[in-house]
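Student: Contents of protein_37.cif (mmCIF, N, CA and C atoms):
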```cif
data_work
#
loop_
_atom_site.label_atom_id
_atom_site.label_comp_id
_atom_site.auth_asym_id
_atom_site.auth_seq_id
_atom_site.Cartn_x
_atom_site.Cartn_y
_atom_site.Cartn_z
N GLN C 1 0.83 -1.20 0.00
CA GLN C 1 0.00 0.00 0.00
C GLN C 1 0.86 1.25 0.00
N VAL C 2 0.31 2.32 -0.57
CA VAL C 2 0.97 3.62 -0.58
C VAL C 2 -0.04 4.67 -0.10
N GLN C 3 0.39 5.51 0.83
CA GLN C 3 -0.42 6.63 1.28
C GLN C 3 0.19 7.93 0.75
N LEU C 4 -0.67 8.83 0.31
CA LEU C 4 -0.24 10.10 -0.28
C LEU C 4 -0.86 11.25 0.50
N VAL C 5 -0.04 12.21 0.89
CA VAL C 5 -0.52 13.38 1.63
C VAL C 5 -0.08 14.63 0.89
N GLU C 6 -1.06 15.42 0.46
CA GLU C 6 -0.79 16.63 -0.31
C GLU C 6 -0.85 17.86 0.59
N SER C 7 -0.17 18.91 0.15
CA SER C 7 -0.24 20.20 0.83
C SER C 7 0.04 21.30 -0.18
N GLY C 8 -0.36 22.52 0.15
CA GLY C 8 0.03 23.67 -0.64
C GLY C 8 -1.06 24.33 -1.46
N GLY C 9 -2.26 23.82 -1.43
CA GLY C 9 -3.33 24.46 -2.18
C GLY C 9 -3.75 25.77 -1.54
N GLY C 10 -4.67 26.48 -2.21
CA GLY C 10 -5.16 27.73 -1.65
C GLY C 10 -5.75 28.63 -2.71
N LEU C 11 -5.93 29.89 -2.32
CA LEU C 11 -6.50 30.91 -3.19
C LEU C 11 -5.38 31.83 -3.68
N VAL C 12 -5.35 32.07 -4.98
CA VAL C 12 -4.33 32.94 -5.55
C VAL C 12 -4.95 33.76 -6.66
N GLN C 13 -4.41 34.94 -6.88
CA GLN C 13 -4.91 35.80 -7.95
C GLN C 13 -4.36 35.34 -9.30
N PRO C 14 -5.07 35.64 -10.38
CA PRO C 14 -4.55 35.32 -11.71
C PRO C 14 -3.15 35.90 -11.91
N GLY C 15 -2.28 35.10 -12.50
CA GLY C 15 -0.89 35.49 -12.68
C GLY C 15 0.01 35.11 -11.53
N GLY C 16 -0.57 34.65 -10.44
CA GLY C 16 0.20 34.28 -9.27
C GLY C 16 0.76 32.88 -9.35
N SER C 17 1.39 32.46 -8.25
CA SER C 17 2.05 31.15 -8.19
C SER C 17 1.64 30.40 -6.94
N LEU C 18 1.66 29.08 -7.05
CA LEU C 18 1.48 28.19 -5.92
C LEU C 18 2.38 26.98 -6.11
N ARG C 19 2.74 26.37 -5.01
CA ARG C 19 3.53 25.14 -5.05
C ARG C 19 2.80 24.07 -4.28
N LEU C 20 2.52 22.97 -4.94
CA LEU C 20 1.90 21.81 -4.31
C LEU C 20 2.98 20.78 -3.99
N SER C 21 2.82 20.13 -2.85
CA SER C 21 3.75 19.08 -2.45
C SER C 21 2.97 17.83 -2.08
N CYS C 22 3.62 16.69 -2.25
CA CYS C 22 2.99 15.41 -1.92
C CYS C 22 4.06 14.48 -1.37
N ALA C 23 3.75 13.86 -0.24
CA ALA C 23 4.66 12.90 0.36
C ALA C 23 4.03 11.51 0.33
N ALA C 24 4.80 10.54 -0.13
CA ALA C 24 4.33 9.16 -0.21
C ALA C 24 4.93 8.34 0.92
N SER C 25 4.14 7.43 1.45
CA SER C 25 4.62 6.53 2.50
C SER C 25 3.91 5.20 2.35
N GLY C 26 4.43 4.18 3.03
CA GLY C 26 3.80 2.87 2.98
C GLY C 26 4.75 1.78 2.54
N ARG C 27 4.24 0.55 2.56
CA ARG C 27 5.09 -0.62 2.30
C ARG C 27 5.64 -0.64 0.88
N ARG C 28 4.87 -0.12 -0.08
CA ARG C 28 5.27 -0.23 -1.48
C ARG C 28 5.97 1.02 -2.00
N VAL C 29 6.32 1.93 -1.10
CA VAL C 29 6.84 3.21 -1.57
C VAL C 29 8.13 3.04 -2.36
N PHE C 30 8.91 2.03 -2.04
CA PHE C 30 10.20 1.87 -2.71
C PHE C 30 10.06 1.30 -4.12
N SER C 31 8.85 0.84 -4.47
CA SER C 31 8.63 0.32 -5.82
C SER C 31 7.98 1.33 -6.75
N ILE C 32 7.77 2.56 -6.27
CA ILE C 32 7.10 3.57 -7.08
C ILE C 32 7.96 3.96 -8.26
N ASN C 33 7.37 3.96 -9.48
CA ASN C 33 8.06 4.48 -10.65
C ASN C 33 7.51 5.86 -11.00
N VAL C 34 6.23 5.94 -11.32
CA VAL C 34 5.64 7.20 -11.77
C VAL C 34 4.87 7.88 -10.63
N MET C 35 5.12 9.16 -10.45
CA MET C 35 4.32 10.00 -9.55
C MET C 35 3.85 11.20 -10.35
N GLY C 36 2.71 11.75 -9.95
CA GLY C 36 2.23 12.88 -10.73
C GLY C 36 1.05 13.58 -10.08
N TRP C 37 0.43 14.43 -10.89
CA TRP C 37 -0.71 15.22 -10.44
C TRP C 37 -1.82 15.18 -11.49
N TYR C 38 -3.03 14.96 -11.01
CA TYR C 38 -4.24 15.11 -11.79
C TYR C 38 -5.02 16.28 -11.21
N ARG C 39 -6.01 16.75 -11.95
CA ARG C 39 -6.91 17.76 -11.41
C ARG C 39 -8.32 17.52 -11.93
N GLN C 40 -9.28 18.03 -11.16
CA GLN C 40 -10.67 17.96 -11.57
C GLN C 40 -11.35 19.27 -11.26
N ALA C 41 -11.78 19.93 -12.33
CA ALA C 41 -12.52 21.18 -12.20
C ALA C 41 -14.01 20.87 -12.07
N PRO C 42 -14.78 21.80 -11.52
CA PRO C 42 -16.22 21.57 -11.37
C PRO C 42 -16.88 21.25 -12.70
N GLY C 43 -17.63 20.15 -12.71
CA GLY C 43 -18.36 19.76 -13.91
C GLY C 43 -17.52 19.12 -14.99
N LYS C 44 -16.24 18.86 -14.71
CA LYS C 44 -15.35 18.27 -15.71
C LYS C 44 -14.75 16.97 -15.19
N GLU C 45 -14.21 16.19 -16.13
CA GLU C 45 -13.56 14.95 -15.74
C GLU C 45 -12.15 15.23 -15.21
N ARG C 46 -11.64 14.28 -14.46
CA ARG C 46 -10.26 14.40 -14.01
C ARG C 46 -9.33 14.32 -15.20
N GLU C 47 -8.25 15.11 -15.15
CA GLU C 47 -7.29 15.13 -16.24
C GLU C 47 -5.88 15.15 -15.69
N LEU C 48 -4.98 14.57 -16.48
CA LEU C 48 -3.58 14.60 -16.11
C LEU C 48 -3.05 16.02 -16.21
N VAL C 49 -2.31 16.44 -15.19
CA VAL C 49 -1.60 17.71 -15.24
C VAL C 49 -0.14 17.46 -15.63
N ALA C 50 0.52 16.60 -14.88
CA ALA C 50 1.92 16.28 -15.15
C ALA C 50 2.29 15.03 -14.38
N ASP C 51 3.25 14.28 -14.92
CA ASP C 51 3.81 13.19 -14.14
C ASP C 51 5.31 13.07 -14.42
N ILE C 52 5.97 12.28 -13.58
CA ILE C 52 7.43 12.17 -13.65
C ILE C 52 7.84 10.77 -13.22
N THR C 53 8.77 10.18 -13.94
CA THR C 53 9.28 8.87 -13.58
C THR C 53 10.40 8.99 -12.56
N ASN C 54 10.80 7.85 -12.00
CA ASN C 54 11.88 7.92 -10.99
C ASN C 54 13.22 8.24 -11.64
N SER C 55 13.31 8.20 -12.96
CA SER C 55 14.53 8.62 -13.65
C SER C 55 14.46 10.07 -14.11
N GLY C 56 13.33 10.74 -13.84
CA GLY C 56 13.22 12.17 -14.14
C GLY C 56 12.55 12.53 -15.44
N ASN C 57 12.02 11.56 -16.17
CA ASN C 57 11.30 11.87 -17.40
C ASN C 57 9.93 12.46 -17.06
N THR C 58 9.61 13.58 -17.69
CA THR C 58 8.39 14.29 -17.37
C THR C 58 7.40 14.29 -18.52
N ASN C 59 6.16 14.51 -18.17
CA ASN C 59 5.06 14.54 -19.13
C ASN C 59 4.07 15.58 -18.63
N TYR C 60 3.68 16.53 -19.53
CA TYR C 60 2.79 17.62 -19.14
C TYR C 60 1.57 17.69 -20.05
N ALA C 61 0.47 18.13 -19.47
CA ALA C 61 -0.68 18.48 -20.30
C ALA C 61 -0.33 19.73 -21.11
N ASP C 62 -0.84 19.82 -22.32
CA ASP C 62 -0.54 20.97 -23.18
C ASP C 62 -0.94 22.28 -22.51
N SER C 63 -2.02 22.25 -21.74
CA SER C 63 -2.55 23.47 -21.13
C SER C 63 -1.65 24.06 -20.05
N VAL C 64 -0.70 23.28 -19.56
CA VAL C 64 0.17 23.78 -18.48
C VAL C 64 1.63 23.88 -18.89
N LYS C 65 1.97 23.42 -20.07
CA LYS C 65 3.37 23.47 -20.53
C LYS C 65 3.88 24.90 -20.50
N GLY C 66 5.08 25.07 -19.95
CA GLY C 66 5.69 26.39 -19.86
C GLY C 66 5.28 27.17 -18.63
N ARG C 67 4.27 26.70 -17.91
CA ARG C 67 3.81 27.39 -16.71
C ARG C 67 4.02 26.56 -15.44
N PHE C 68 3.85 25.25 -15.56
CA PHE C 68 3.98 24.35 -14.42
C PHE C 68 5.25 23.53 -14.55
N THR C 69 5.85 23.21 -13.42
CA THR C 69 7.04 22.37 -13.39
C THR C 69 6.87 21.31 -12.31
N ILE C 70 7.04 20.05 -12.71
CA ILE C 70 6.97 18.95 -11.75
C ILE C 70 8.38 18.53 -11.39
N SER C 71 8.57 18.20 -10.12
CA SER C 71 9.88 17.75 -9.65
C SER C 71 9.68 16.66 -8.62
N ARG C 72 10.77 15.97 -8.34
CA ARG C 72 10.65 14.81 -7.47
C ARG C 72 11.94 14.62 -6.68
N ASP C 73 11.79 14.16 -5.44
CA ASP C 73 12.92 13.80 -4.60
C ASP C 73 12.75 12.32 -4.28
N ASN C 74 13.48 11.47 -4.97
CA ASN C 74 13.32 10.03 -4.78
C ASN C 74 13.73 9.59 -3.38
N ALA C 75 14.73 10.25 -2.81
CA ALA C 75 15.20 9.86 -1.47
C ALA C 75 14.14 10.13 -0.41
N LYS C 76 13.34 11.17 -0.62
CA LYS C 76 12.31 11.53 0.36
C LYS C 76 10.91 11.07 -0.07
N ASN C 77 10.82 10.46 -1.25
CA ASN C 77 9.52 9.99 -1.76
C ASN C 77 8.50 11.13 -1.84
N THR C 78 8.95 12.24 -2.36
CA THR C 78 8.07 13.40 -2.52
C THR C 78 8.02 13.85 -3.98
N VAL C 79 6.92 14.48 -4.32
CA VAL C 79 6.76 15.08 -5.65
C VAL C 79 6.14 16.46 -5.44
N ALA C 80 6.58 17.42 -6.24
CA ALA C 80 6.08 18.78 -6.12
C ALA C 80 5.62 19.29 -7.48
N LEU C 81 4.72 20.25 -7.43
CA LEU C 81 4.24 20.90 -8.65
C LEU C 81 4.31 22.40 -8.44
N GLN C 82 5.24 23.05 -9.13
CA GLN C 82 5.36 24.50 -9.09
C GLN C 82 4.46 25.06 -10.19
N MET C 83 3.50 25.88 -9.79
CA MET C 83 2.53 26.42 -10.73
C MET C 83 2.70 27.93 -10.81
N ASN C 84 3.08 28.42 -11.98
CA ASN C 84 3.27 29.84 -12.21
C ASN C 84 2.27 30.34 -13.24
N SER C 85 2.13 31.65 -13.29
CA SER C 85 1.22 32.28 -14.26
C SER C 85 -0.16 31.62 -14.23
N LEU C 86 -0.67 31.47 -13.05
CA LEU C 86 -1.94 30.76 -12.89
C LEU C 86 -3.10 31.52 -13.52
N LYS C 87 -4.03 30.74 -14.06
CA LYS C 87 -5.21 31.29 -14.74
C LYS C 87 -6.48 30.80 -14.03
N PRO C 88 -7.58 31.53 -14.18
CA PRO C 88 -8.83 31.05 -13.56
C PRO C 88 -9.19 29.63 -13.98
N GLU C 89 -8.86 29.25 -15.20
CA GLU C 89 -9.19 27.90 -15.66
C GLU C 89 -8.32 26.82 -15.02
N ASP C 90 -7.33 27.21 -14.23
CA ASP C 90 -6.56 26.23 -13.46
C ASP C 90 -7.26 25.87 -12.15
N THR C 91 -8.33 26.56 -11.82
CA THR C 91 -9.09 26.25 -10.62
C THR C 91 -9.60 24.83 -10.66
N ALA C 92 -9.26 24.06 -9.62
CA ALA C 92 -9.64 22.65 -9.59
C ALA C 92 -9.17 22.05 -8.27
N VAL C 93 -9.61 20.84 -8.01
CA VAL C 93 -9.02 20.03 -6.96
C VAL C 93 -7.86 19.26 -7.59
N TYR C 94 -6.70 19.37 -7.00
CA TYR C 94 -5.50 18.72 -7.52
C TYR C 94 -5.19 17.49 -6.67
N TYR C 95 -4.94 16.39 -7.37
CA TYR C 95 -4.70 15.10 -6.72
C TYR C 95 -3.29 14.61 -7.02
N CYS C 96 -2.59 14.22 -6.00
CA CYS C 96 -1.32 13.51 -6.17
C CYS C 96 -1.63 12.06 -6.52
N VAL C 97 -0.87 11.51 -7.46
CA VAL C 97 -1.13 10.14 -7.90
C VAL C 97 0.17 9.36 -8.02
N VAL C 98 0.01 8.05 -7.96
CA VAL C 98 1.14 7.13 -8.15
C VAL C 98 0.73 6.08 -9.17
N GLY C 99 1.64 5.80 -10.10
CA GLY C 99 1.42 4.72 -11.06
C GLY C 99 0.94 5.22 -12.40
N ARG C 100 1.17 4.42 -13.40
CA ARG C 100 0.67 4.67 -14.75
C ARG C 100 0.37 3.31 -15.37
N PRO C 101 -0.92 2.82 -15.36
CA PRO C 101 -2.12 3.56 -14.93
C PRO C 101 -2.12 3.83 -13.42
N ILE C 102 -2.97 4.73 -13.00
CA ILE C 102 -2.98 5.17 -11.62
C ILE C 102 -3.34 4.03 -10.68
N GLU C 103 -2.51 3.87 -9.63
CA GLU C 103 -2.76 2.87 -8.61
C GLU C 103 -3.26 3.49 -7.31
N TYR C 104 -2.76 4.68 -6.99
CA TYR C 104 -3.12 5.33 -5.74
C TYR C 104 -3.40 6.82 -5.98
N TRP C 105 -4.38 7.33 -5.20
CA TRP C 105 -4.76 8.73 -5.26
C TRP C 105 -4.62 9.36 -3.89
N GLY C 106 -4.20 10.62 -3.86
CA GLY C 106 -4.26 11.38 -2.64
C GLY C 106 -5.68 11.89 -2.40
N GLN C 107 -5.86 12.61 -1.30
CA GLN C 107 -7.20 13.07 -0.95
C GLN C 107 -7.60 14.33 -1.71
N GLY C 108 -6.64 15.00 -2.31
CA GLY C 108 -6.92 16.20 -3.09
C GLY C 108 -6.73 17.48 -2.30
N THR C 109 -6.32 18.52 -3.01
CA THR C 109 -6.16 19.84 -2.41
C THR C 109 -6.74 20.88 -3.37
N GLN C 110 -7.49 21.82 -2.84
CA GLN C 110 -8.19 22.80 -3.67
C GLN C 110 -7.24 23.92 -4.08
N VAL C 111 -7.26 24.24 -5.36
CA VAL C 111 -6.56 25.41 -5.90
C VAL C 111 -7.62 26.29 -6.55
N THR C 112 -7.70 27.53 -6.10
CA THR C 112 -8.65 28.49 -6.65
C THR C 112 -7.90 29.71 -7.15
N VAL C 113 -8.11 30.02 -8.43
CA VAL C 113 -7.47 31.17 -9.04
C VAL C 113 -8.56 32.19 -9.35
N SER C 114 -8.54 33.27 -8.60
CA SER C 114 -9.61 34.26 -8.72
C SER C 114 -9.14 35.60 -8.19
N SER C 115 -9.67 36.67 -8.80
CA SER C 115 -9.37 38.00 -8.30
C SER C 115 -10.44 38.47 -7.32
#
```
Would you mind writing the structure in this file as structure tokens?
Tutor:
Amino acid sequence: QVQLVESGGGLVQPGGSLRLSCAASGRRVFSINVMGWYRQAPGKERELVADITNSGNTNYADSVKGRFTISRDNAKNTVALQMNSLKPEDTAVYYCVVGRPIEYWGQGTQVTVSS
């Protein structure tokens, strides 16, 4: 099993920045290859934001390329998402995930971009 705990969500004005963090723990944490972030906006399906392998290969949704950066600390079993130039359409609940296909989900953290 893997447990995921997210932090860092909140309210930010358009053009602002936020950093999300996620810490993984549990018996299977040492077998994790892919970690990442999904999001779900009101009335929409969950979508991939970005993910990263344990060797550092990254994958981003087109809508966030150039604005968001995913990073990972394998020694600490953490993954972070630096979000810059935030837009109102980035408003969503953001979920930390493990696996491809997804095996584990975090509880989610709300990100609201509004003036």
Student: Spell out the residues picked by the PyMOL selection byres ((chain C and resi 26) around 7) here, as a PyMOL selection string.
Tutor: chain C and resi 1-3+24-25+27-30
Student: Mind giving me the straight-line distance from atom N of Gln82 (chain C) to atom N of Glu6 (chain C) in Å, one decimal?
Tutor: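 Between atom N of Gln82 (chain C) and atom N of Glu6 (chain C) the gap works out to 13.8 Å.
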Student: Just the number, please: distance in Å from CA of Asp51 (chain C) to atom C of Ser114 (chain C), one decimal.
Tutor: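 Interatomic distance, CA of Asp51 (chain C) to atom C of Ser114 (chain C): 26.6 Å.
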Student: Just the number, please: distance in Å from CA of Ile32 (chain C) to atom N of Thr69 (chain C), one decimal.
Tutor: 20.7 Å
Student: Once the PyMOL selection byres ((chain C and resi 91-105) around 7) has been evaluated on this model, what residues remain selected, and can you format them as a ChimeraX atom specification?
Tutor: /C:2-4,6,22,32-42,87-90,106-113
Student: I would like the residues chosen by the PyMOL selection byres ((chain C and resi 84) around 7) on the shown file; could you give them as a PyMOL selection string?
Tutor: chain C and resi 15-18+66-69+82-83+85-87
Student: With all atoms listed in the file as the atoms that count, which of C:Leu81, C:Val12, C:Ser7, C:Ser71 lies nearest to Gly56 (chain C)?
Tutor: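 Among the listed residues, C:Ser71 lies closest to Gly56 (chain C).
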Student: Set the distance at 5 Å and use all atoms listed in the file: which residues neighbour Ala50 (chain C) once local chain neighbours fewer than 2 positions away are removed? I'd like the list as a compact mmCIF listing (two decimals) with N, CA and C atoms, in the coordinates of the input.
Tutor:
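Result written to result-v1.txt:
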```txt
# COMPACT_ATOMS: atom_id res chain seq x y z
N GLY C 36 2.71 11.75 -9.95
CA GLY C 36 2.23 12.88 -10.73
C GLY C 36 1.05 13.58 -10.08
N TRP C 37 0.43 14.43 -10.89
CA TRP C 37 -0.71 15.22 -10.44
C TRP C 37 -1.82 15.18 -11.49
N LEU C 48 -4.98 14.57 -16.48
CA LEU C 48 -3.58 14.60 -16.11
C LEU C 48 -3.05 16.02 -16.21
N ILE C 52 5.97 12.28 -13.58
CA ILE C 52 7.43 12.17 -13.65
C ILE C 52 7.84 10.77 -13.22
N ASN C 59 6.16 14.51 -18.17
CA ASN C 59 5.06 14.54 -19.13
C ASN C 59 4.07 15.58 -18.63
N TYR C 60 3.68 16.53 -19.53
CA TYR C 60 2.79 17.62 -19.14
C TYR C 60 1.57 17.69 -20.05
N ALA C 61 0.47 18.13 -19.47
CA ALA C 61 -0.68 18.48 -20.30
C ALA C 61 -0.33 19.73 -21.11
```
Student: Using DSSP on the backbone coordinates, identify the residues of region 28-70 of chain C assigned to strand (DSSP E); present them as a list of chain:residue names.
Tutor: C:Met35, C:Gly36, C:Trp37, C:Tyr38, C:Arg39, C:Gln40, C:Glu47, C:Leu48, C:Val49, C:Ala50, C:Asp51, C:Ile52, C:Thr58, C:Asn59, C:Tyr60, C:Phe68, C:Thr69, C:Ile70
Student: Excluding same-chain residues fewer than 5 positions from Gly8 (chain C), what lies within 7 Å of it counting only C-alpha atoms, as a VMD selection string?
Tutor: chain C and resid 19 to 21
